[in-house]
Protein chains: 2
Amino acid sequence: MERPGTWQAIRAEALRRMRAGDWPPGERIPDEAELAAEFGCARATVNRALRDLAEAGLLERKRKGGTRVPLTPVRKATFEIAIIRRDVEGRGQRHGYRLIEDALRPPPEAVRTALGWEGGAMRHVTALHLADDRPFVLEDRWLNPALVPADRVRFETVSANEWLVRNIPYSSGDIGFLARPADASAARWLGCDAGAALLAIERTTRSEAGPITFVRLSYAPGHRMEAML
Amino acid sequence: MERPGTWQAIRAEALRRMRAGDWPPGERIPDEAELAAEFGCARATVNRALRDLAEAGLLERKRKGGTRVPLTPVRKATFEIAIIRRDVEGRGQRHGYRLIEDALRPPPEAVRTALGWEGGAMRHVTALHLADDRPFVLEDRWLNPALVPADRVRFETVSANEWLVRNIPYSSGDIGFLARPADASAARWLGCDAGAALLAIERTTRSEAGPITFVRLSYAPGHRMEAML
DNA sequence: TAGTGGTCTAGACCACGTA
DNA sequence: ACGTGGTCTAGACCACTAA
């Protein structure tokens with residue numbers, strides 16, 4: 001348990017009151033000044049606790065409107081997006097890597113629109129990641145050749161996934177989860193039947209210097225991504 | 001842009017320095033006192049900015065060890081988990097709901113272990129959610145009959161998903177994403193071929209009073225979940 | 001317009017973990 | 001042992017927005 005008077009203790013007590021029904025859904029709770037007086041702490045401490053709950057979707061706060069317990073809370077689930085090698089090693093398995101293709105190709109329309117790509121050919125890199133010698137995830141990536149030139153950056157031993165995180169970090173972009181049937185290529189490399197259900201992550205990455213990359217990671221059948229609530 | 005001297009402005013400047021290479025990966029950055037002096041603000045303001053970046057995985061902070069730019073940052077992607085009706089309505093579509101089954105059954109082994117269920121039969125509720133009259137997601141749920149008794153709580157018009165959020169909120173549990181092939185039942189209700197790749201969310205929910213529910217939401221083919229980075 | 005949360009300050013003490 | 005981040009305080013002003 002947290003020592004009393006800390007913001008964690010106040011957060012825990014607020015959660016308890018919500019679960020116990022003292023602060024029922026839809027109701028407005030006492031304002032920060034009142035709670036600070038009740039708990040015998042500074043208002044900033046109450047603020048820290050309630051702000052934390054609000055960020056988790058468990059409270060709704062508005063200036064002048066006060067703080068309310070939402071009728072239908074929108075919880076947040078967070079996934080940790082690490083580089084694939086660390087992900088595999090974190091499972092206690094040995095990471096393997098195999099480059100499949102690295103070539104200049106005109107990107108498909110979906111990639112053009114996702115990245116807002118105006119140019120011609122992009123660098124298409126395909127690679128397989130293994131966990132204990134078994135197929136783990138297929139990396140299918142389109143790179144801006146101006147930012148990641150093929151004559152200077154090679155992906156034979158270090159995956160594009162890892163190179164990008166190390167060299168063009170802290171960029172912005174979108175990320176989405178979907179399920180897709182394995183096509184012939186995915187089935188071959190992942191060692192599953194064509195049409196098998198694959199969990200896939202699609203991610204676009206941009207910087208101020210323009211589009212960087214679009215990648216689709218297709219995981220071997222049965223893969224499961226755990227989130228923290 | 002943020003007004004200078006705010007914690008958002010300091011966070012933005014820190015991000016800029018990381019992207020620009022002023023604070024390269026692996027390096028230790030100045031401590032809070034130094035930055036506060038540089039930016040002409042209180043240390044608490046710097047703390048707020050750097051703590052925010054650390055929570056996003058963009059910095060690593062340790063007492064005595066200082067603050068470092070991680071070599072391979074572990075980014076966090078967050079999904080908003082709303083009730084299904086709101087999810088559908090948020091897409092500008094009309095939500096429909098159809099109860100398929102509500103019966104007492106012995107749960108499969110996977111459900112027993114996921115929930116830590118020691119008893120016998122559980123309440124099995126299956127329902128289909130629709131968006132503009134088209135299948136949206138199949139809800140396959142196992143409920144603790146002691147906490148959600150069939151003679152008192154009915155799911156003909158209000159889904160179990162919504163009832164639980166409104167009546168047993170703020171509980172803890174796990175959540176996981178996976179892809180699975182549509183079985184005969186899923187194919188029938190979702191209107192797709194058997195074996196089609198479905199994105200599924202599995203969620204277990206517990207309270208101090210014991211296991212509450214295990215649910216698997218299987219989305220219609222093509223569904224995509226967008227996350228915020 | 002007035003009430004409430006959002007934020008900043010200057011100072012203090014504490015907890016953790018490195019050296 | 002000691003340096004650094006984690007947190008609390010008391011007070012202040014500001015920004016948003018509901019009344």
# chains A, B, ... in the order shown; residues from 1 in each chain; ligands from 1
$ interface_residues --of "chain D" --to "chain A" --cutoff "10 Å" --atoms "only C-alpha atoms (C1' of nucleotides)" --output "PyMOL selection string"
chain D and resi 7-10+15-19
$ interface_residues --of "chain B" --to "chain A" --cutoff "9 Å" --atoms "only C-alpha atoms" --output "PDB file with C-alpha atoms, in the first residue's frame"
ATOM      1  CA  LEU B  15      11.901  16.484 -28.462  1.00  0.00           C
ATOM      2  CA  MET B  18      16.491  14.611 -29.593  1.00  0.00           C
ATOM      3  CA  ARG B  19      15.412  14.702 -33.221  1.00  0.00           C
ATOM      4  CA  PRO B  25      20.644   8.197 -28.262  1.00  0.00           C
ATOM      5  CA  GLY B  57       9.042   5.824 -23.674  1.00  0.00           C
ATOM      6  CA  LEU B  58      11.111   8.640 -25.189  1.00  0.00           C
ATOM      7  CA  LEU B  71      19.164   3.616 -27.597  1.00  0.00           C
ATOM      8  CA  THR B  72      16.095   1.673 -28.630  1.00  0.00           C
ATOM      9  CA  PRO B  73      13.047   3.515 -27.344  1.00  0.00           C
ATOM     10  CA  VAL B  74      10.008   1.434 -26.467  1.00  0.00           C
ATOM     11  CA  ARG B  75       7.108   3.482 -27.763  1.00  0.00           C
ATOM     12  CA  LYS B  76       3.615   3.144 -26.374  1.00  0.00           C
ATOM     13  CA  ALA B  77       0.555   2.791 -28.571  1.00  0.00           C
ATOM     14  CA  THR B  78      -2.750   3.391 -26.810  1.00  0.00           C
ATOM     15  CA  PHE B  79      -6.155   2.151 -27.913  1.00  0.00           C
ATOM     16  CA  GLU B  80      -9.365   3.653 -26.651  1.00  0.00           C
ATOM     17  CA  ILE B  81     -11.646   0.888 -25.438  1.00  0.00           C
ATOM     18  CA  ALA B  82     -15.181   2.226 -25.601  1.00  0.00           C
ATOM     19  CA  ILE B  83     -18.412   0.269 -25.447  1.00  0.00           C
ATOM     20  CA  GLU B 162     -22.813  -2.125 -22.148  1.00  0.00           C
ATOM     21  CA  VAL B 165     -19.504  -1.106 -18.221  1.00  0.00           C
ATOM     22  CA  ARG B 166     -22.422   0.665 -16.589  1.00  0.00           C
ATOM     23  CA  ASN B 167     -22.873  -1.634 -13.607  1.00  0.00           C
ATOM     24  CA  ILE B 168     -19.546  -3.215 -12.774  1.00  0.00           C
ATOM     25  CA  PRO B 169     -17.126  -0.548 -13.931  1.00  0.00           C
ATOM     26  CA  TYR B 170     -13.568   0.230 -12.980  1.00  0.00           C
ATOM     27  CA  SER B 171     -12.559  -3.392 -12.572  1.00  0.00           C
ATOM     28  CA  SER B 172      -9.194  -4.843 -13.455  1.00  0.00           C
ATOM     29  CA  GLY B 173      -8.218  -7.451 -16.005  1.00  0.00           C
ATOM     30  CA  ASP B 174      -6.168  -8.377 -19.051  1.00  0.00           C
ATOM     31  CA  ILE B 175      -6.656  -7.615 -22.708  1.00  0.00           C
ATOM     32  CA  GLY B 176      -5.091  -9.216 -25.757  1.00  0.00           C
ATOM     33  CA  PHE B 177      -5.316  -8.913 -29.527  1.00  0.00           C
ATOM     34  CA  LEU B 178      -5.107 -11.840 -31.908  1.00  0.00           C
ATOM     35  CA  ALA B 179      -6.176 -13.056 -35.331  1.00  0.00           C
ATOM     36  CA  ARG B 180      -8.256 -16.206 -35.721  1.00  0.00           C
ATOM     37  CA  PRO B 181     -10.024 -17.992 -38.534  1.00  0.00           C
ATOM     38  CA  ALA B 182     -13.805 -17.728 -38.548  1.00  0.00           C
ATOM     39  CA  GLY B 195     -11.773 -19.601 -42.221  1.00  0.00           C
ATOM     40  CA  ALA B 196     -11.818 -15.881 -42.952  1.00  0.00           C
ATOM     41  CA  ALA B 197      -9.235 -13.914 -40.963  1.00  0.00           C
ATOM     42  CA  LEU B 198     -10.889 -12.151 -38.028  1.00  0.00           C
ATOM     43  CA  LEU B 199      -9.372  -9.610 -35.692  1.00  0.00           C
ATOM     44  CA  ALA B 200     -10.316 -10.567 -32.150  1.00  0.00           C
ATOM     45  CA  PRO B 221     -13.275  -9.172 -41.862  1.00  0.00           C
ATOM     46  CA  GLY B 222     -11.412  -6.024 -42.832  1.00  0.00           C
ATOM     47  CA  HIS B 223     -11.820  -4.361 -39.464  1.00  0.00           C
ATOM     48  CA  ARG B 224      -8.916  -2.183 -38.438  1.00  0.00           C
ATOM     49  CA  MET B 225      -8.112  -0.769 -35.024  1.00  0.00           C
ATOM     50  CA  GLU B 226      -6.312   2.549 -35.043  1.00  0.00           C
ATOM     51  CA  ALA B 227      -4.089   3.477 -32.150  1.00  0.00           C
ATOM     52  CA  MET B 228      -2.546   6.712 -31.067  1.00  0.00           C
ATOM     53  CA  LEU B 229       1.195   6.881 -30.849  1.00  0.00           C
TER      54      LEU B 229
END
$ atom_distance --atom1 "atom CA of B:Leu143" --atom2 "atom CA of B:Arg123"
4.9 Å
$ select_by_dssp --residues "stretch 8-97 of chain A" --states "helix (DSSP H, G or I)" --output "JSON, numbers by chain"
{"A": [8, 9, 10, 11, 12, 13, 14, 15, 16, 17, 18, 19, 20, 32, 33, 34, 35, 36, 37, 38, 39, 43, 44, 45, 46, 47, 48, 49, 50, 51, 52, 53, 54, 55, 84, 85, 86, 87, 88, 89, 90]}
$ write_last_selection --atoms "N, CA and C atoms" --output "compact mmCIF listing (two decimals), in the first residue's frame"
# COMPACT_ATOMS: atom_id res chain seq x y z
N GLN A 8 -0.65 8.75 -5.02
CA GLN A 8 -1.10 7.39 -5.31
C GLN A 8 -2.16 6.94 -4.32
N ALA A 9 -2.00 7.34 -3.06
CA ALA A 9 -2.98 6.96 -2.04
C ALA A 9 -4.32 7.62 -2.33
N ILE A 10 -4.26 8.87 -2.76
CA ILE A 10 -5.51 9.57 -3.07
C ILE A 10 -6.17 8.96 -4.30
N ARG A 11 -5.35 8.58 -5.29
CA ARG A 11 -5.91 7.92 -6.47
C ARG A 11 -6.58 6.61 -6.07
N ALA A 12 -5.91 5.85 -5.21
CA ALA A 12 -6.48 4.57 -4.78
C ALA A 12 -7.80 4.79 -4.04
N GLU A 13 -7.84 5.79 -3.19
CA GLU A 13 -9.06 6.06 -2.43
C GLU A 13 -10.19 6.51 -3.37
N ALA A 14 -9.84 7.31 -4.37
CA ALA A 14 -10.85 7.74 -5.34
C ALA A 14 -11.39 6.53 -6.10
N LEU A 15 -10.51 5.64 -6.52
CA LEU A 15 -10.94 4.42 -7.22
C LEU A 15 -11.85 3.60 -6.32
N ARG A 16 -11.47 3.48 -5.06
CA ARG A 16 -12.28 2.71 -4.13
C ARG A 16 -13.68 3.30 -4.02
N ARG A 17 -13.76 4.61 -3.95
CA ARG A 17 -15.07 5.24 -3.82
C ARG A 17 -15.90 5.03 -5.08
N MET A 18 -15.26 5.02 -6.23
CA MET A 18 -16.01 4.77 -7.46
C MET A 18 -16.52 3.34 -7.48
N ARG A 19 -15.66 2.41 -7.13
CA ARG A 19 -16.07 0.99 -7.15
C ARG A 19 -17.11 0.71 -6.09
N ALA A 20 -16.99 1.39 -4.94
CA ALA A 20 -17.92 1.14 -3.84
C ALA A 20 -19.27 1.81 -4.08
N GLU A 32 -11.33 20.00 -6.13
CA GLU A 32 -9.99 19.74 -5.62
C GLU A 32 -9.76 20.37 -4.25
N ALA A 33 -10.25 21.57 -4.05
CA ALA A 33 -10.02 22.24 -2.77
C ALA A 33 -10.67 21.46 -1.63
N GLU A 34 -11.89 21.00 -1.85
CA GLU A 34 -12.58 20.24 -0.81
C GLU A 34 -11.82 18.96 -0.48
N LEU A 35 -11.41 18.24 -1.52
CA LEU A 35 -10.71 16.98 -1.29
C LEU A 35 -9.38 17.22 -0.61
N ALA A 36 -8.70 18.28 -1.00
CA ALA A 36 -7.43 18.59 -0.34
C ALA A 36 -7.64 18.81 1.15
N ALA A 37 -8.72 19.52 1.47
CA ALA A 37 -9.03 19.74 2.89
C ALA A 37 -9.34 18.41 3.58
N GLU A 38 -10.15 17.58 2.90
CA GLU A 38 -10.54 16.31 3.51
C GLU A 38 -9.32 15.42 3.75
N PHE A 39 -8.43 15.35 2.75
CA PHE A 39 -7.28 14.47 2.89
C PHE A 39 -6.12 15.13 3.62
N ARG A 43 -3.58 21.06 -2.67
CA ARG A 43 -4.46 20.86 -3.82
C ARG A 43 -3.69 20.22 -4.98
N ALA A 44 -2.41 20.56 -5.12
CA ALA A 44 -1.61 20.00 -6.22
C ALA A 44 -1.56 18.48 -6.14
N THR A 45 -1.56 17.97 -4.93
CA THR A 45 -1.49 16.52 -4.76
C THR A 45 -2.79 15.87 -5.22
N VAL A 46 -3.91 16.48 -4.85
CA VAL A 46 -5.21 15.98 -5.34
C VAL A 46 -5.24 16.08 -6.86
N ASN A 47 -4.77 17.20 -7.38
CA ASN A 47 -4.77 17.40 -8.82
C ASN A 47 -4.01 16.29 -9.53
N ARG A 48 -2.86 15.94 -8.99
CA ARG A 48 -2.05 14.89 -9.61
C ARG A 48 -2.80 13.56 -9.65
N ALA A 49 -3.48 13.25 -8.57
CA ALA A 49 -4.21 11.98 -8.49
C ALA A 49 -5.38 11.96 -9.47
N LEU A 50 -6.16 13.01 -9.47
CA LEU A 50 -7.35 13.02 -10.33
C LEU A 50 -6.97 13.15 -11.80
N ARG A 51 -5.91 13.88 -12.07
CA ARG A 51 -5.45 13.98 -13.46
C ARG A 51 -5.03 12.62 -13.99
N ASP A 52 -4.37 11.85 -13.13
CA ASP A 52 -3.95 10.51 -13.53
C ASP A 52 -5.16 9.64 -13.88
N LEU A 53 -6.18 9.70 -13.06
CA LEU A 53 -7.39 8.92 -13.34
C LEU A 53 -8.08 9.41 -14.61
N ALA A 54 -8.05 10.71 -14.82
CA ALA A 54 -8.68 11.26 -16.02
C ALA A 54 -7.95 10.79 -17.26
N GLU A 55 -6.63 10.72 -17.20
CA GLU A 55 -5.86 10.26 -18.36
C GLU A 55 -6.15 8.80 -18.67
N ILE A 84 11.74 -5.55 -32.88
CA ILE A 84 11.38 -6.97 -32.92
C ILE A 84 12.41 -7.83 -32.21
N ARG A 85 13.67 -7.50 -32.37
CA ARG A 85 14.70 -8.31 -31.72
C ARG A 85 14.52 -8.34 -30.21
N ARG A 86 14.27 -7.18 -29.65
CA ARG A 86 14.05 -7.13 -28.20
C ARG A 86 12.78 -7.85 -27.80
N ASP A 87 11.77 -7.76 -28.64
CA ASP A 87 10.51 -8.44 -28.37
C ASP A 87 10.75 -9.95 -28.24
N VAL A 88 11.50 -10.48 -29.22
CA VAL A 88 11.79 -11.92 -29.20
C VAL A 88 12.65 -12.27 -27.99
N GLU A 89 13.69 -11.49 -27.78
CA GLU A 89 14.59 -11.78 -26.66
C GLU A 89 13.86 -11.65 -25.33
N GLY A 90 12.91 -10.74 -25.28
CA GLY A 90 12.13 -10.57 -24.06
C GLY A 90 11.29 -11.79 -23.72
$ interface_residues --of "chain C" --to "chain A" --cutoff "12 Å" --atoms "only C-alpha atoms (C1' of nucleotides)" --output "ChimeraX atom specification"
/C:1-8
$ atom_distance --atom1 "atom CA of B:Gly191" --atom2 "atom CA of B:Val137"
10.8 Å
